[in-house]
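Report on the structure given below.
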Amino acid sequence: MSKKYRGIIYIVLSAFCFAFMNMFVRLAGELPSVQKSFFRNFVAAGFAFMILLKDRVPFRCKKENLIYLLLRAVFGTMGILCNFYAIDHLVLADASMLNKMSPFFAVLFSFLVLKEKVTVPQALIVAGAFIGSMFVVKPTFLNMDLIPSVIGLSGGICAGAAYTMVRKLGENGEKGPFIVFFFSMFSCVMTLPWLIFDYHPMTAMQLAMLLMAGLSAAGGQFSITSAYTCAPAKEISVYDYSQIIFAAFLGFVVFGQIPDILSWLGYGIICTMAVVMFLYNTKSDHEKKEC
């Protein structure tokens with residue numbers, strides 16, 4: 001199987017896992033986003049640690065990769081905190097869609113960081129997706145969900161930057177489990193002070209939901225790390241939008257949530273732009289091969 005098709009399988013699997021992670025985070029109830037983030041990353045770090053021991057992968061990175069690991073960890077932590085806040089305050093499908101703006105921003109950051117060429121059509125497609133996100137955000141003073149929506153979109157921007165760093169680390173030969181371990185431990189260390197000084201007591205059910213969120217996140221994190229180390233974002237990112245299908249289904253079945261008409265319009269625009277981007281990239285690659 002080619003790297004591209006492996007990347008597609010990994011990214012759909014990650015979308016499935018992250019949809020369940022969002023559901024469990026919401027089911028955990030009224031807890032600070034920082035506290036939810038700590039438990040989510042603590043479980044992921046434990047899984048990564050065991051895999052590193054099993055595969056006898058050294059707990060160190062190449063010197064030239066340290067800056068990219070730190071950037072991946074910083075942007076990833078910010079993205080998680082923003083996403084969890086949005087999950088607690090928005091319809092589950094809305095929060096997921098805003099976070100799924102990350103592939104478009106990954107294309108932008110790939111241009112800025114990795115110097116991957118971005119054509120005019122690609123830039124227009126990214127702009128179209130951003131316009132679509134505005135239908136989900138609904139930036140008006142009458143929108144009571146405006147702040148959570150903007151925070152959710154910010155999470156998508158940070159996630160796009162984080163996945164660009166993952167792509168760079170994959171190109172530099174860094175192992176996926178170590179990338180996950182470094183990021184998860186960094187997030188735990190950064191959120192630990194807030195957890196200590198502003199800890200909210202949890203019921204057994206809330207703890208169980210957070211542990212399940214952590215398990216789902218571990219599956220999603222390993223899958224998406226594998227996806228972006230297998231293939232560039234422009235080739236596989238369209239399949240990441242399968243999470244919206246999973247999120248809308250879970251939101252309706254578990255929480256009885258139904259997105260409004262403007263959100264559905266935004267979903268349609270963003271998903272259309274994702275498909276157009278995929279078709280454009282496929283056509284461009286085909287033309288390059290013929291030349």
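Letters for chains follow the order of the structure tokens (A, B, ...), residue numbers begin at 1 for each chain, and ligand numbers begin at 1 in the order shown.
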Check your understanding: Hey, what's within 9 Å of Val126 (chain A) if we count only C-alpha atoms and toss same-chain stuff fewer than 5 positions away? As a list in words, please?
Key -> Phe104, Phe105, Val107, Leu108, Pro121, Ile131, Met273, Ala274 and Met277 of chain A
Practice item. If you run DSSP over the backbone, which residues in region 108-263 of chain A end up alpha helix (DSSP H)? Put them as number ranges by chain. Key: A: 108-113, 120-137, 146-171, 176-197, 204-230, 233-236, 242-255, 261-263
Taking 2 positions as the minimum chain separation for residues in the same chain, which residues sit within 7 Å of Gly176 (chain A) when counting only C-alpha atoms? Answer as a CSV table (one decimal) with N, CA, C and O atoms, in the first residue's frame.
chain,number,residue,atom,x,y,z
A,174,GLU,N,11.9,12.0,12.6
A,174,GLU,CA,11.5,11.8,14.0
A,174,GLU,C,10.4,10.8,14.1
A,174,GLU,O,9.4,10.7,13.2
A,178,PHE,N,7.4,9.2,19.6
A,178,PHE,CA,8.2,10.2,20.4
A,178,PHE,C,7.6,11.6,20.2
A,178,PHE,O,7.5,12.4,21.2
A,179,ILE,N,7.0,11.9,19.0
A,179,ILE,CA,6.4,13.2,18.8
A,179,ILE,C,5.2,13.3,19.7
A,179,ILE,O,4.9,14.3,20.4
A,180,VAL,N,4.4,12.2,19.8
A,180,VAL,CA,3.2,12.2,20.6
A,180,VAL,C,3.6,12.3,22.1
A,180,VAL,O,3.0,13.1,22.9
A,225,THR,N,-0.8,11.6,13.6
A,225,THR,CA,0.7,11.8,13.5
A,225,THR,C,1.2,10.9,12.4
A,225,THR,O,2.0,11.3,11.6
A,226,SER,N,0.7,9.6,12.4
A,226,SER,CA,1.1,8.7,11.3
A,226,SER,C,0.6,9.2,9.9
A,226,SER,O,1.3,9.1,8.9
Check your understanding: Which residues come within 9 Å of region 57-62 of chain A, counting only C-alpha atoms, excluding same-chain residues fewer than 6 positions away, as a list in words?
Key ->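 Selected residues are Ile51, Leu69, Asn172, Gly173, Glu174, Lys175, Pro177 and Phe178 of chain A.
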For the selection you just gave me, I'd like the residues written to a file as a PDB file, in the first residue's frame, keeping all heavy atoms.
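Output contents, as saved in part_36.pdb:
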ATOM      1  N   ILE A  51       4.752   2.492  24.272  1.00  0.00           N
ATOM      2  CA  ILE A  51       5.162   2.143  22.902  1.00  0.00           C
ATOM      3  C   ILE A  51       6.653   2.401  22.700  1.00  0.00           C
ATOM      4  O   ILE A  51       7.358   1.605  22.070  1.00  0.00           O
ATOM      5  CB  ILE A  51       4.322   2.926  21.879  1.00  0.00           C
ATOM      6  CG1 ILE A  51       2.875   2.419  21.898  1.00  0.00           C
ATOM      7  CG2 ILE A  51       4.907   2.785  20.468  1.00  0.00           C
ATOM      8  CD1 ILE A  51       1.940   3.193  21.006  1.00  0.00           C
ATOM      9  N   LEU A  69       9.699  20.347  17.643  1.00  0.00           N
ATOM     10  CA  LEU A  69       8.971  19.648  18.691  1.00  0.00           C
ATOM     11  C   LEU A  69       8.333  20.637  19.673  1.00  0.00           C
ATOM     12  O   LEU A  69       7.181  20.470  20.094  1.00  0.00           O
ATOM     13  CB  LEU A  69       9.901  18.697  19.441  1.00  0.00           C
ATOM     14  CG  LEU A  69      10.230  17.373  18.762  1.00  0.00           C
ATOM     15  CD1 LEU A  69      11.392  16.684  19.470  1.00  0.00           C
ATOM     16  CD2 LEU A  69       9.002  16.450  18.750  1.00  0.00           C
ATOM     17  N   ASN A 172      12.009  14.972   8.792  1.00  0.00           N
ATOM     18  CA  ASN A 172      13.327  14.937   9.419  1.00  0.00           C
ATOM     19  C   ASN A 172      13.625  13.604  10.100  1.00  0.00           C
ATOM     20  O   ASN A 172      14.654  13.453  10.760  1.00  0.00           O
ATOM     21  CB  ASN A 172      13.453  16.065  10.449  1.00  0.00           C
ATOM     22  CG  ASN A 172      13.557  17.424   9.786  1.00  0.00           C
ATOM     23  OD1 ASN A 172      13.630  17.532   8.567  1.00  0.00           O
ATOM     24  ND2 ASN A 172      13.561  18.487  10.588  1.00  0.00           N
ATOM     25  N   GLY A 173      12.697  12.643   9.964  1.00  0.00           N
ATOM     26  CA  GLY A 173      12.955  11.306  10.487  1.00  0.00           C
ATOM     27  C   GLY A 173      12.611  11.076  11.942  1.00  0.00           C
ATOM     28  O   GLY A 173      13.001  10.058  12.523  1.00  0.00           O
ATOM     29  N   GLU A 174      11.864  12.001  12.561  1.00  0.00           N
ATOM     30  CA  GLU A 174      11.484  11.816  13.964  1.00  0.00           C
ATOM     31  C   GLU A 174      10.368  10.770  14.063  1.00  0.00           C
ATOM     32  O   GLU A 174       9.449  10.749  13.242  1.00  0.00           O
ATOM     33  CB  GLU A 174      11.001  13.141  14.560  1.00  0.00           C
ATOM     34  CG  GLU A 174      11.122  13.222  16.064  1.00  0.00           C
ATOM     35  CD  GLU A 174      12.564  13.160  16.554  1.00  0.00           C
ATOM     36  OE1 GLU A 174      13.354  14.045  16.215  1.00  0.00           O
ATOM     37  OE2 GLU A 174      12.877  12.188  17.277  1.00  0.00           O
ATOM     38  N   LYS A 175      10.454   9.909  15.049  1.00  0.00           N
ATOM     39  CA  LYS A 175       9.489   8.837  15.215  1.00  0.00           C
ATOM     40  C   LYS A 175       8.150   9.373  15.754  1.00  0.00           C
ATOM     41  O   LYS A 175       8.122  10.206  16.660  1.00  0.00           O
ATOM     42  CB  LYS A 175      10.019   7.778  16.180  1.00  0.00           C
ATOM     43  CG  LYS A 175      11.302   7.092  15.707  1.00  0.00           C
ATOM     44  CD  LYS A 175      11.068   6.273  14.453  1.00  0.00           C
ATOM     45  CE  LYS A 175      12.330   5.519  14.046  1.00  0.00           C
ATOM     46  NZ  LYS A 175      12.128   4.737  12.803  1.00  0.00           N
ATOM     47  N   PRO A 177       5.730   7.981  17.726  1.00  0.00           N
ATOM     48  CA  PRO A 177       5.468   7.841  19.167  1.00  0.00           C
ATOM     49  C   PRO A 177       6.211   8.864  20.018  1.00  0.00           C
ATOM     50  O   PRO A 177       5.677   9.346  21.019  1.00  0.00           O
ATOM     51  CB  PRO A 177       5.958   6.414  19.475  1.00  0.00           C
ATOM     52  CG  PRO A 177       5.806   5.684  18.187  1.00  0.00           C
ATOM     53  CD  PRO A 177       6.136   6.690  17.129  1.00  0.00           C
ATOM     54  N   PHE A 178       7.435   9.227  19.599  1.00  0.00           N
ATOM     55  CA  PHE A 178       8.179  10.219  20.379  1.00  0.00           C
ATOM     56  C   PHE A 178       7.558  11.604  20.219  1.00  0.00           C
ATOM     57  O   PHE A 178       7.509  12.392  21.176  1.00  0.00           O
ATOM     58  CB  PHE A 178       9.644  10.274  19.951  1.00  0.00           C
ATOM     59  CG  PHE A 178      10.462  11.235  20.777  1.00  0.00           C
ATOM     60  CD1 PHE A 178      10.861  10.909  22.058  1.00  0.00           C
ATOM     61  CD2 PHE A 178      10.787  12.490  20.277  1.00  0.00           C
ATOM     62  CE1 PHE A 178      11.584  11.808  22.839  1.00  0.00           C
ATOM     63  CE2 PHE A 178      11.516  13.395  21.045  1.00  0.00           C
ATOM     64  CZ  PHE A 178      11.914  13.049  22.331  1.00  0.00           C
TER      65      PHE A 178
END
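For Leu279 (chain A), the residues within 12 Å (counting only C-alpha atoms, excluding itself and residues fewer than 2 positions away along the chain) are Pro121, Gln122, Ile125, Lys234, Glu235, Ile236, Ser237, Val238, Thr272, Met273, Ala274, Val275, Val276, Met277, Asn281, Thr282, Lys283, Ser284, Asp285 and His286 of chain A.
You will find CA of Ile245 (chain A) at 22.7 Å from CA of Leu81 (chain A).
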Exercise for review: Can you work out which one of A:His200, A:Lys100, A:Lys117, A:Lys168 has the shortest atom-to-atom distance to Leu153 (chain A), counting only C-alpha atoms?
Suggested key: A:Lys100
Review point. Can you list, as a ChimeraX atom specification, every protein, DNA or RNA residue that comes within 9 Å of Arg40 (chain A) when you count only C-alpha atoms, leaving out same-chain residues fewer than 5 positions away?
Key: /A:21,25,35,45,184,188,210-218
Exercise for review: Could you tell me which of A:Leu98, A:Leu265, A:Ala73, A:Ala106 comes closest to Tyr241 (chain A) if we count only C-alpha atoms?
Suggested key: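 Of A:Leu98, A:Leu265, A:Ala73, A:Ala106, the one nearest Tyr241 (chain A) is A:Leu98, counting only C-alpha atoms.
Restricting the calculation to only C-alpha atoms, the smallest distance between Leu262 (chain A) and any of A:Ser133, A:Ser96, A:Ser102, A:Ser33 is found for A:Ser133.
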Practice item. Determine the nearest neighbour of Ile269 (chain A) from the options A:Met97, A:Met209, A:Leu31, A:Met23, counting only C-alpha atoms. Key: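 Looking only at the distances to Ile269 (chain A), the closest residue turns out to be A:Met97.
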Check your understanding: Distance CA of Thr119 (chain A)-CA of Cys271 (chain A), one decimal place?
Key -> 19.6 Å
Point to revise | Residues within 6 Å of Ser149 (chain A), only C-alpha atoms, excluding chain neighbours under 3 positions, as a PyMOL selection string | key: chain A and resi 137+146+152
Could the residues in this selection be saved with N, CA, C and O atoms as a CSV table (one decimal), in the first residue's frame?
chain,number,residue,atom,x,y,z
A,137,VAL,N,-19.3,30.6,12.7
A,137,VAL,CA,-19.0,31.6,13.8
A,137,VAL,C,-20.1,32.6,14.0
A,137,VAL,O,-20.4,32.9,15.1
A,146,LEU,N,-20.6,33.8,20.1
A,146,LEU,CA,-19.5,34.4,19.3
A,146,LEU,C,-18.2,34.1,19.9
A,146,LEU,O,-17.2,33.7,19.2
A,152,GLY,N,-12.9,28.6,19.2
A,152,GLY,CA,-12.9,27.4,18.5
A,152,GLY,C,-12.1,27.5,17.2
A,152,GLY,O,-11.3,26.6,16.8
Revision key, fill the gap. If you count only C-alpha atoms, the residue of A:Met165, A:Ile151, A:Ile67, A:Ile80 closest to Phe111 (chain A) turns out to be A:Met165
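Between Gly7 (chain A) and the candidates A:Gly160, A:Gly266, A:Pro232, A:Gly155, the tightest atom-to-atom separation, counting only C-alpha atoms, involves A:Pro232.
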